[in-house]
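J.: Sharing coords-v7.cif (mmCIF, C-alpha atoms and all ligand atoms) below.
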data_upload
#
loop_
_atom_site.label_atom_id
_atom_site.label_comp_id
_atom_site.auth_asym_id
_atom_site.auth_seq_id
_atom_site.Cartn_x
_atom_site.Cartn_y
_atom_site.Cartn_z
CA MET Q 1 -6.36 -10.44 -28.55
CA SER Q 2 -8.01 -8.01 -30.94
CA LEU Q 3 -7.27 -4.54 -29.56
CA LYS Q 4 -4.66 -2.82 -31.73
CA LYS Q 5 -1.41 -1.48 -30.25
CA VAL Q 6 1.22 1.12 -31.05
CA ASP Q 7 4.72 -0.14 -31.80
CA ILE Q 8 6.55 -0.24 -28.45
CA HIS Q 9 9.11 -2.74 -27.13
CA TRP Q 10 6.82 -3.95 -24.35
CA GLU Q 11 9.43 -6.34 -22.88
CA GLU Q 12 11.76 -3.41 -22.17
CA LEU Q 13 9.30 -1.26 -20.19
CA GLY Q 14 10.57 0.21 -16.94
CA PHE Q 15 8.97 3.01 -14.93
CA ASP Q 16 9.61 6.05 -17.13
CA ALA Q 17 7.38 8.64 -18.78
CA ILE Q 18 6.74 7.54 -22.36
CA GLU Q 19 5.03 10.08 -24.57
CA THR Q 20 1.51 9.07 -25.68
CA ARG Q 21 -1.02 10.62 -28.06
CA SER Q 22 -2.84 13.00 -25.74
CA MET Q 23 -3.40 14.33 -22.26
CA PHE Q 24 -6.42 15.91 -20.58
CA LYS Q 25 -6.37 19.55 -19.52
CA ALA Q 26 -8.84 21.67 -17.52
CA THR Q 27 -8.59 24.88 -15.54
CA CYS Q 28 -10.49 26.22 -12.55
CA SER Q 29 -10.50 29.48 -10.61
CA ILE Q 30 -10.10 29.41 -6.85
CA ASP Q 31 -13.76 30.10 -6.24
CA GLY Q 32 -14.97 27.98 -9.18
CA GLN Q 33 -15.89 24.34 -9.71
CA TRP Q 34 -14.11 21.77 -11.83
CA SER Q 35 -15.92 21.25 -15.13
CA GLY Q 36 -15.23 21.02 -18.88
CA GLY Q 37 -11.68 20.43 -20.03
CA SER Q 38 -10.55 18.56 -23.14
CA LEU Q 39 -7.86 16.39 -24.66
CA VAL Q 40 -4.78 18.17 -26.02
CA PRO Q 41 -1.75 16.68 -27.78
CA TYR Q 42 0.85 15.33 -25.30
CA GLY Q 43 3.53 17.95 -24.82
CA SER Q 44 5.23 20.55 -22.67
CA ILE Q 45 3.34 23.29 -20.89
CA GLU Q 46 4.07 26.98 -20.28
CA LEU Q 47 4.15 28.28 -16.74
CA SER Q 48 4.70 31.67 -15.09
CA PRO Q 49 7.90 31.75 -13.01
CA ALA Q 50 5.67 33.05 -10.21
CA ALA Q 51 3.20 30.12 -10.44
CA GLY Q 52 1.95 28.97 -7.03
CA VAL Q 53 3.19 25.45 -7.65
CA LEU Q 54 6.76 26.52 -8.43
CA ASN Q 55 7.12 28.87 -5.50
CA TYR Q 56 5.02 27.34 -2.75
CA GLY Q 57 4.49 23.75 -3.84
CA GLN Q 58 0.75 24.03 -4.34
CA GLY Q 59 0.19 20.79 -6.22
CA VAL Q 60 -1.21 17.30 -5.67
CA PHE Q 61 -1.43 14.19 -7.80
CA GLU Q 62 -2.78 10.68 -8.05
CA GLY Q 63 -1.50 7.40 -9.42
CA THR Q 64 -3.74 4.69 -10.81
CA LYS Q 65 -3.42 1.94 -13.39
CA ALA Q 66 -5.30 0.46 -16.33
CA PHE Q 67 -4.82 -3.13 -17.49
CA HIS Q 68 -5.34 -5.08 -20.70
CA THR Q 69 -6.99 -8.17 -19.29
CA SER Q 70 -7.29 -11.86 -20.11
CA LYS Q 71 -10.80 -11.11 -21.43
CA ASP Q 72 -9.30 -8.64 -23.92
CA ASN Q 73 -10.81 -5.64 -22.09
CA ILE Q 74 -9.12 -2.47 -20.87
CA VAL Q 75 -10.08 -1.87 -17.27
CA LEU Q 76 -9.47 0.56 -14.43
CA PHE Q 77 -8.84 -0.59 -10.87
CA ARG Q 78 -10.63 1.08 -7.93
CA ILE Q 79 -10.69 4.45 -9.64
CA ASP Q 80 -13.34 5.74 -7.23
CA ARG Q 81 -10.87 5.47 -4.38
CA ASN Q 82 -8.32 7.59 -6.23
CA ALA Q 83 -11.09 10.08 -7.03
CA ARG Q 84 -12.01 10.39 -3.35
CA ARG Q 85 -8.38 10.80 -2.31
CA MET Q 86 -7.90 13.51 -4.94
CA ALA Q 87 -10.89 15.36 -3.45
CA TRP Q 88 -9.22 15.22 -0.03
CA SER Q 89 -5.73 16.18 -1.31
CA THR Q 90 -7.04 19.20 -3.26
CA LYS Q 91 -9.00 20.40 -0.24
CA ARG Q 92 -5.96 20.03 2.04
CA LEU Q 93 -3.75 22.09 -0.31
CA CYS Q 94 -6.39 24.86 -0.82
CA ILE Q 95 -6.93 23.84 -4.44
CA PRO Q 96 -10.60 23.87 -5.55
CA GLU Q 97 -11.88 20.52 -4.25
CA MET Q 98 -12.05 18.14 -7.17
CA ASP Q 99 -15.38 16.52 -7.87
CA PRO Q 100 -14.80 12.72 -7.95
CA GLN Q 101 -17.06 12.29 -10.99
CA PHE Q 102 -15.17 14.98 -12.92
CA PHE Q 103 -11.89 13.30 -12.00
CA LYS Q 104 -13.12 9.89 -13.11
CA GLU Q 105 -14.47 11.13 -16.43
CA ALA Q 106 -11.18 12.91 -17.19
CA VAL Q 107 -9.24 9.68 -16.52
CA ILE Q 108 -11.60 7.64 -18.70
CA THR Q 109 -11.47 10.19 -21.54
CA THR Q 110 -7.66 10.15 -21.51
CA LEU Q 111 -7.46 6.38 -21.31
CA LYS Q 112 -9.90 5.85 -24.19
CA ASP Q 113 -7.94 8.17 -26.47
CA ASN Q 114 -4.66 6.35 -25.68
CA PHE Q 115 -5.99 2.80 -25.45
CA ASP Q 116 -3.44 1.49 -27.98
CA TYR Q 117 -0.58 2.46 -25.63
CA VAL Q 118 -1.88 0.15 -22.88
CA PRO Q 119 0.61 -2.75 -22.69
CA PRO Q 120 -0.77 -6.08 -23.95
CA TYR Q 121 -2.05 -8.63 -21.44
CA LYS Q 122 0.74 -9.56 -18.96
CA LYS Q 123 3.27 -7.19 -20.59
CA GLY Q 124 2.88 -4.35 -18.08
CA SER Q 125 0.22 -1.78 -17.28
CA MET Q 126 -0.81 1.78 -18.10
CA TYR Q 127 0.18 4.11 -15.27
CA ILE Q 128 -2.18 7.08 -15.12
CA ARG Q 129 -1.07 10.31 -13.48
CA PRO Q 130 -3.74 12.91 -12.77
CA ILE Q 131 -2.06 16.06 -11.44
CA VAL Q 132 -3.32 19.49 -10.42
CA TRP Q 133 -1.38 22.62 -9.53
CA GLY Q 134 -1.59 26.34 -8.85
CA THR Q 135 -0.93 28.09 -12.15
CA ALA Q 136 -1.56 31.74 -11.30
CA PRO Q 137 1.30 33.86 -9.91
CA ALA Q 138 1.92 34.35 -6.18
CA LEU Q 139 4.73 36.29 -4.60
CA GLY Q 140 3.31 36.35 -1.10
CA VAL Q 141 2.45 33.01 0.45
CA ARG Q 142 -1.18 32.33 -0.44
CA ALA Q 143 -3.46 30.06 -2.45
CA VAL Q 144 -3.40 31.36 -6.02
CA SER Q 145 -6.38 32.38 -8.16
CA GLU Q 146 -6.16 29.74 -10.92
CA TYR Q 147 -5.42 25.98 -11.19
CA THR Q 148 -4.65 23.53 -13.98
CA PHE Q 149 -5.57 19.85 -13.93
CA MET Q 150 -3.96 17.39 -16.29
CA VAL Q 151 -4.11 13.66 -16.82
CA PHE Q 152 -1.19 12.08 -18.59
CA LEU Q 153 -0.30 8.43 -18.77
CA SER Q 154 2.54 6.10 -19.61
CA PRO Q 155 2.90 2.38 -20.28
CA VAL Q 156 5.04 0.89 -17.49
CA GLY Q 157 6.74 -2.29 -16.34
CA SER Q 158 8.35 -2.85 -12.90
CA TYR Q 159 8.90 0.13 -10.61
CA PHE Q 160 12.10 -1.21 -9.10
CA LYS Q 161 14.95 -2.27 -11.35
CA GLY Q 162 15.58 -5.95 -10.79
CA GLY Q 163 11.89 -6.87 -11.08
CA VAL Q 164 10.85 -9.41 -8.45
CA LYS Q 165 14.12 -9.48 -6.45
CA PRO Q 166 13.38 -8.79 -2.74
CA LEU Q 167 14.14 -5.18 -1.80
CA ASN Q 168 17.09 -4.05 0.24
CA LEU Q 169 15.85 -1.26 2.54
CA LYS Q 170 17.37 1.02 5.12
CA VAL Q 171 15.56 2.46 8.14
CA GLU Q 172 16.00 6.20 7.74
CA LEU Q 173 17.43 7.71 10.92
CA ASP Q 174 18.27 11.23 9.73
CA TYR Q 175 15.10 12.37 7.97
CA HIS Q 176 11.33 12.09 8.37
CA ARG Q 177 8.81 11.87 5.58
CA ALA Q 178 5.94 13.70 7.24
CA ALA Q 179 4.97 15.39 10.47
CA PRO Q 180 1.89 14.73 12.63
CA ARG Q 181 -0.96 16.95 11.39
CA GLY Q 182 1.07 17.87 8.31
CA ILE Q 183 0.33 16.83 4.73
CA GLY Q 184 1.57 13.22 4.90
CA ASN Q 185 -1.92 11.85 4.24
CA ALA Q 186 -2.45 14.00 1.14
CA LYS Q 187 -0.81 13.11 -2.17
CA ALA Q 188 1.05 16.41 -2.13
CA ILE Q 189 4.01 16.93 -4.43
CA GLY Q 190 6.00 18.29 -1.46
CA ASN Q 191 5.94 14.91 0.27
CA TYR Q 192 7.83 13.44 -2.66
CA SER Q 193 10.35 16.29 -3.00
CA ALA Q 194 11.13 15.84 0.71
CA SER Q 195 11.92 12.18 0.06
CA LEU Q 196 14.38 12.77 -2.79
CA TYR Q 197 17.47 13.56 -0.73
CA PRO Q 198 17.20 10.56 1.65
CA LEU Q 199 16.40 8.36 -1.37
CA MET Q 200 19.40 9.60 -3.34
CA LYS Q 201 21.71 8.96 -0.37
CA ALA Q 202 20.24 5.51 0.23
CA LYS Q 203 20.65 4.56 -3.43
CA LYS Q 204 24.30 5.64 -3.35
CA GLU Q 205 24.73 3.29 -0.37
CA GLY Q 206 23.21 0.43 -2.41
CA PHE Q 207 19.65 0.41 -1.00
CA ASP Q 208 16.47 0.36 -3.06
CA GLU Q 209 14.43 2.67 -0.81
CA VAL Q 210 14.11 3.85 2.81
CA ILE Q 211 11.67 3.07 5.62
CA TYR Q 212 10.59 6.24 7.42
CA LEU Q 213 9.97 6.37 11.14
CA ASP Q 214 7.13 8.12 12.91
CA SER Q 215 8.49 11.60 13.60
CA LYS Q 216 6.95 11.73 17.09
CA ASN Q 217 7.86 8.24 18.21
CA GLU Q 218 10.97 7.06 16.43
CA ASP Q 219 10.48 3.52 17.62
CA ARG Q 220 7.56 3.15 15.20
CA ILE Q 221 7.71 2.60 11.47
CA GLU Q 222 5.56 4.50 8.97
CA GLU Q 223 6.06 3.82 5.26
CA LEU Q 224 8.49 4.12 2.35
CA GLY Q 225 8.78 7.22 0.18
CA SER Q 226 6.92 5.45 -2.62
CA ALA Q 227 4.85 2.75 -0.89
CA ASN Q 228 3.10 1.50 2.27
CA LEU Q 229 4.65 -1.20 4.43
CA PHE Q 230 3.37 -4.54 5.82
CA ILE Q 231 4.81 -7.17 8.14
CA VAL Q 232 3.72 -10.78 8.69
CA LYS Q 233 4.31 -12.65 11.96
CA ASP Q 234 2.86 -16.07 12.81
CA GLY Q 235 0.32 -15.72 9.99
CA VAL Q 236 -0.97 -12.31 11.13
CA ILE Q 237 -0.62 -9.44 8.65
CA ARG Q 238 -0.01 -5.97 10.04
CA THR Q 239 0.42 -2.50 8.59
CA PRO Q 240 0.88 0.85 10.36
CA LYS Q 241 -2.49 2.43 11.08
CA LEU Q 242 -3.53 5.59 9.26
CA SER Q 243 -2.24 8.03 11.84
CA GLY Q 244 -2.59 11.18 9.72
CA SER Q 245 0.94 11.18 8.37
CA ILE Q 246 0.59 7.97 6.35
CA LEU Q 247 -0.90 7.81 2.86
CA ASP Q 248 -4.15 5.84 2.62
CA GLY Q 249 -2.86 3.66 -0.21
CA VAL Q 250 -5.28 1.99 -2.63
CA THR Q 251 -3.08 -1.12 -2.83
CA ARG Q 252 -2.66 -1.07 0.97
CA ASN Q 253 -6.41 -1.23 1.38
CA SER Q 254 -6.77 -3.85 -1.38
CA VAL Q 255 -4.18 -6.13 0.25
CA CYS Q 256 -5.93 -5.80 3.63
CA LYS Q 257 -9.23 -6.86 2.00
CA ILE Q 258 -7.69 -9.73 -0.02
CA ALA Q 259 -5.86 -11.04 3.05
CA SER Q 260 -8.86 -10.92 5.35
CA GLU Q 261 -11.70 -11.78 2.96
CA ILE Q 262 -10.07 -14.23 0.51
CA LEU Q 263 -7.14 -15.67 2.46
CA LYS Q 264 -9.10 -15.47 5.76
CA LEU Q 265 -6.04 -14.19 7.60
CA GLN Q 266 -6.01 -11.90 10.61
CA VAL Q 267 -5.22 -8.34 9.44
CA GLU Q 268 -4.32 -5.58 11.87
CA GLU Q 269 -3.79 -1.87 11.33
CA ASN Q 270 -1.90 -0.65 14.38
CA ASP Q 271 1.48 0.60 15.60
CA ILE Q 272 4.52 -1.44 14.54
CA ASN Q 273 7.87 -0.98 16.23
CA ILE Q 274 11.34 -1.57 14.86
CA LYS Q 275 11.84 -4.81 16.78
CA GLU Q 276 8.65 -6.25 15.27
CA LEU Q 277 9.79 -5.13 11.82
CA VAL Q 278 13.20 -6.77 11.89
CA GLU Q 279 11.89 -9.94 13.56
CA ALA Q 280 9.00 -10.39 11.10
CA ASP Q 281 8.56 -13.59 9.10
CA GLU Q 282 7.83 -11.47 6.03
CA VAL Q 283 8.00 -7.79 5.16
CA PHE Q 284 6.57 -6.34 1.98
CA CYS Q 285 5.51 -3.03 0.56
CA THR Q 286 2.51 -2.03 -1.51
CA GLY Q 287 1.60 0.76 -3.89
CA THR Q 288 0.04 1.38 -7.27
CA ALA Q 289 3.49 1.77 -8.78
CA VAL Q 290 5.31 -0.96 -6.82
CA VAL Q 291 2.28 -3.36 -6.65
CA VAL Q 292 3.35 -5.85 -3.89
CA ALA Q 293 7.12 -5.99 -3.45
CA PRO Q 294 8.81 -8.35 -0.94
CA VAL Q 295 11.58 -7.01 1.30
CA GLY Q 296 14.65 -9.21 1.76
CA LYS Q 297 17.00 -7.06 3.82
CA ILE Q 298 16.56 -4.23 6.30
CA THR Q 299 19.46 -2.22 7.68
CA TYR Q 300 18.83 -0.56 11.05
CA LYS Q 301 21.67 1.30 12.77
CA ASP Q 302 24.36 -0.57 10.79
CA THR Q 303 22.91 -4.03 11.45
CA VAL Q 304 21.60 -5.88 8.42
CA HIS Q 305 18.54 -8.03 9.16
CA GLU Q 306 17.71 -10.68 6.62
CA ILE Q 307 13.97 -11.29 6.21
CA ASN Q 308 12.72 -14.74 5.16
CA GLN Q 309 16.26 -15.64 4.01
CA ASN Q 310 16.07 -12.84 1.44
CA GLN Q 311 13.32 -14.69 -0.45
CA PRO Q 312 9.80 -13.53 -1.37
CA GLY Q 313 7.49 -14.69 1.43
CA PRO Q 314 4.45 -16.93 0.78
CA ILE Q 315 1.83 -14.47 2.05
CA ALA Q 316 3.23 -11.53 0.06
CA SER Q 317 3.31 -13.76 -3.02
CA GLU Q 318 -0.29 -14.92 -2.50
CA CYS Q 319 -1.52 -11.34 -2.00
CA LYS Q 320 0.32 -10.22 -5.13
CA ASN Q 321 -0.95 -13.12 -7.23
CA LEU Q 322 -4.56 -12.56 -6.15
CA LEU Q 323 -4.35 -8.80 -6.66
CA THR Q 324 -2.89 -9.07 -10.15
CA ALA Q 325 -5.29 -11.89 -11.07
CA ILE Q 326 -8.24 -9.64 -10.15
CA GLN Q 327 -6.70 -6.70 -12.04
CA ARG Q 328 -6.20 -8.85 -15.16
CA GLN Q 329 -9.66 -10.46 -14.93
CA GLU Q 330 -8.12 -13.93 -14.53
CA ILE Q 331 -10.34 -14.64 -11.54
CA LYS Q 332 -13.71 -13.29 -10.45
CA ASP Q 333 -13.55 -9.85 -8.83
CA PRO Q 334 -15.48 -10.42 -5.60
CA PHE Q 335 -15.19 -6.77 -4.54
CA GLY Q 336 -16.45 -4.84 -7.58
CA TRP Q 337 -13.04 -3.19 -8.02
CA ILE Q 338 -12.76 -3.55 -11.80
CA GLU Q 339 -14.27 -0.99 -14.12
CA PRO Q 340 -14.18 -1.91 -17.84
CA VAL Q 341 -13.44 1.11 -20.03
CA ILE Q 342 -13.05 -0.64 -23.40
CA GLU Q 343 -14.69 -4.00 -23.91
CA SER Q 344 -13.62 -6.07 -26.88
CA ASN Q 345 -16.99 -7.80 -27.29
C1 LIG X 1 2.01 5.35 -6.82
O1 LIG X 1 2.23 4.25 -6.36
O2 LIG X 1 1.16 5.51 -7.70
C2 LIG X 1 2.70 6.54 -6.37
O3 LIG X 1 2.17 7.60 -6.52
C3 LIG X 1 4.05 6.39 -5.79
C4 LIG X 1 5.12 6.97 -6.61
C5 LIG X 1 5.40 6.45 -7.94
C6 LIG X 1 5.41 8.36 -6.38
#
Could you render the structure from this file as structure tokens?
Ligand code: COI

T.:
Amino acid sequence: MSLKKVDIHWEELGFDAIETRSMFKATCSIDGQWSGGSLVPYGSIELSPAAGVLNYGQGVFEGTKAFHTSKDNIVLFRIDRNARRMAWSTKRLCIPEMDPQFFKEAVITTLKDNFDYVPPYKKGSMYIRPIVWGTAPALGVRAVSEYTFMVFLSPVGSYFKGGVKPLNLKVELDYHRAAPRGIGNAKAIGNYSASLYPLMKAKKEGFDEVIYLDSKNEDRIEELGSANLFIVKDGVIRTPKLSGSILDGVTRNSVCKIASEILKLQVEENDINIKELVEADEVFCTGTAVVVAPVGKITYKDTVHEINQNQPGPIASECKNLLTAIQRQEIKDPFGWIEPVIESN
């Protein structure tokens, strides 16, 4: 492995923001187009107390990862999908719609300048966080006149403490994540602030995360605060369909493709009810941050349901292994998902 690295204790990485060399910054007026921008040293930013983002939550973000691979390259994974989702999220929040090519170039510029912070092969990954928000002041409720876009990144390890241990989840009965025709399918900062209180309560009760129900039909499951959800029954893989209040996850889509096209399994995107969830052979969740995480216990109305004897299931494990092998260039990428950014030779 020839790419040089900064001095970090890679074995101790969790999922925290570690300061790197630089971040990307650009601005855009409400009637303008995203262009230009440059790298600036990593650091704090100044903001008006009346900024649109602080008062009315006008902000959206993305999450993607770069990997140091077995071929000694640094690569991005399905960045075009994040770029397209960012275009949709900005449009939905009345932020100037972000051009996917501009987004991608900003991510690549930031990654190249911080390449030595990317964890070595198999020691973690570089989590990349593009984020855009309303900077100009607003007192009345409206879309503000100016926006800032930044890309910062951080080397990361496992999202959940405890690494590969199956998750202990609770079906959330008191709160919903998103409403029909709301902003659940945009990567809006408000979706995540709404999830903090239920998450904090669940953690105090000893759970890792919560499963949200469909707010219109509480018999149906939707997703976690930080990830999409899958079940497996009799060899068929299912995930809740994109109803409008579910995030169109990049890992969700990747797992569907790996399962159907490599593992040749039946994959269904449809409605899943609670009974099907707790009686599943396997349950697992997916996300850029969480990757593919098996679920071992689900509490619904005070009953604890053990899934696959609280062990990682075989299909979740196969999907995870294939996904990470593609990301680390250990096997051929049959889908064209990998985009080399720095090639060692
Ligand atoms: C991701 O998986 O990248 C996410 O954005 C979820 C989370 C860390 C908020």

J.: Hey, what's within 8 Å of segment 290-306 of chain Q if we count only C-alpha atoms and toss same-chain stuff fewer than 6 positions away? As a list in words, please?

T.: Ser158, Tyr159, Phe160, Val164, Lys165, Pro166, Leu167, Asn168, Leu169, Lys170, Val171, Leu173, Ser226, Ala227, Thr251, Val278, Glu282, Val283, Phe284, Pro312, Gly313, Ala316, Ser317, Cys319 and Lys320 of chain Q

J.: Would you kindly return, as a ChimeraX atom specification, each protein, DNA or RNA residue with an atom no farther than 9 Å from any atom of Arg129 of chain Q, considering all atoms listed in the file and excluding same-chain residues fewer than 2 positions away?

T.: /Q:61-65,107,127,131,150-154

J.: To one decimal place in Å, what is the distance between atom CA of Ile189 of chain Q and atom CA of Trp34 of chain Q?

T.: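 Here the two named atoms are 20.2 Å from each other.
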
J.: Atom CA of Ile262 of chain Q and atom CA of Asn321 of chain Q, how far apart in Å?

T.: 12.0 Å

J.: Give me the residues near Asn185 of chain Q as a VMD selection string, where near means some atom within 10 Å (using only C-alpha atoms) and where sequence neighbours in that chain fewer than 5 positions away do not count.

T.: chain Q and resid 85 88 to 89 92 178 to 180 191 242 to 249

J.: For those residues, write C-alpha atoms to a file as a PDB file, keeping the file's coordinate frame.

T.:
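result23.pdb was written with the following content:
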ATOM      1  CA  ARG Q  85      -8.380  10.800  -2.310  1.00  0.00           C
ATOM      2  CA  TRP Q  88      -9.220  15.220  -0.030  1.00  0.00           C
ATOM      3  CA  SER Q  89      -5.730  16.180  -1.310  1.00  0.00           C
ATOM      4  CA  ARG Q  92      -5.960  20.030   2.040  1.00  0.00           C
ATOM      5  CA  ALA Q 178       5.940  13.700   7.240  1.00  0.00           C
ATOM      6  CA  ALA Q 179       4.970  15.390  10.470  1.00  0.00           C
ATOM      7  CA  PRO Q 180       1.890  14.730  12.630  1.00  0.00           C
ATOM      8  CA  ASN Q 191       5.940  14.910   0.270  1.00  0.00           C
ATOM      9  CA  LEU Q 242      -3.530   5.590   9.260  1.00  0.00           C
ATOM     10  CA  SER Q 243      -2.240   8.030  11.840  1.00  0.00           C
ATOM     11  CA  GLY Q 244      -2.590  11.180   9.720  1.00  0.00           C
ATOM     12  CA  SER Q 245       0.940  11.180   8.370  1.00  0.00           C
ATOM     13  CA  ILE Q 246       0.590   7.970   6.350  1.00  0.00           C
ATOM     14  CA  LEU Q 247      -0.900   7.810   2.860  1.00  0.00           C
ATOM     15  CA  ASP Q 248      -4.150   5.840   2.620  1.00  0.00           C
ATOM     16  CA  GLY Q 249      -2.860   3.660  -0.210  1.00  0.00           C
TER      17      GLY Q 249
END

J.: Could you check which of Q:Ile108, Q:Ala289, Q:Met23, Q:Leu229 is closest to ligand LIG 1 (chain X), using all atoms listed in the file?

T.: Q:Ala289

J.: When you count only C-alpha atoms and all ligand atoms, which of these residues is closest to ligand LIG 1 (chain X): Q:Val341, Q:Ile8, Q:Leu196, Q:Ile274?

T.: Q:Leu196

J.: Counting only C-alpha atoms, which of Q:Gly157, Q:Tyr56, Q:Asp174, Q:Tyr42 gets nearest to Thr110 of chain Q?

T.: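 Among Q:Gly157, Q:Tyr56, Q:Asp174, Q:Tyr42, it is Q:Tyr42 that comes nearest to Thr110 of chain Q.
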
J.: With distances taken over all atoms listed in the file, which of Q:Met86, Q:Ile183, Q:Cys28, Q:Val210 is nearest to Gly134 of chain Q?

T.: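 Of all the options, Q:Cys28 lies closest to Gly134 of chain Q.
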
J.: For a test of reading the model, state the distance in Å between atom CA of Gly225 of chain Q and atom CA of Ala17 of chain Q, rounded to one decimal.

T.: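 Interatomic distance here is 19.1 Å.
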
J.: Tell me which of Q:Glu105, Q:Glu222, Q:Asp16, Q:Glu46 sits closest to ligand LIG 1 (chain X), counting all atoms listed in the file.

T.: Q:Asp16

J.: Considering all atoms listed in the file, can you say which of Q:Ile326, Q:Val60, Q:Ile95, Q:Ile338 comes closest to ligand LIG 1 (chain X)?

T.: Q:Val60

J.: May I have the residues within 7 Å of segment 120-123 of chain Q as a PyMOL selection string, using only C-alpha atoms and disregarding those fewer than 6 positions away in the same chain?

T.: chain Q and resi 10-11+68-70

J.: Just want the 12 Å neighbourhood of Arg84 of chain Q, counted on all atoms listed in the file, with same-chain residues fewer than 4 positions away dropped. Output as number ranges by chain.

T.: Q: 62, 78-80, 88-91, 97-104, 186-187, 248-250
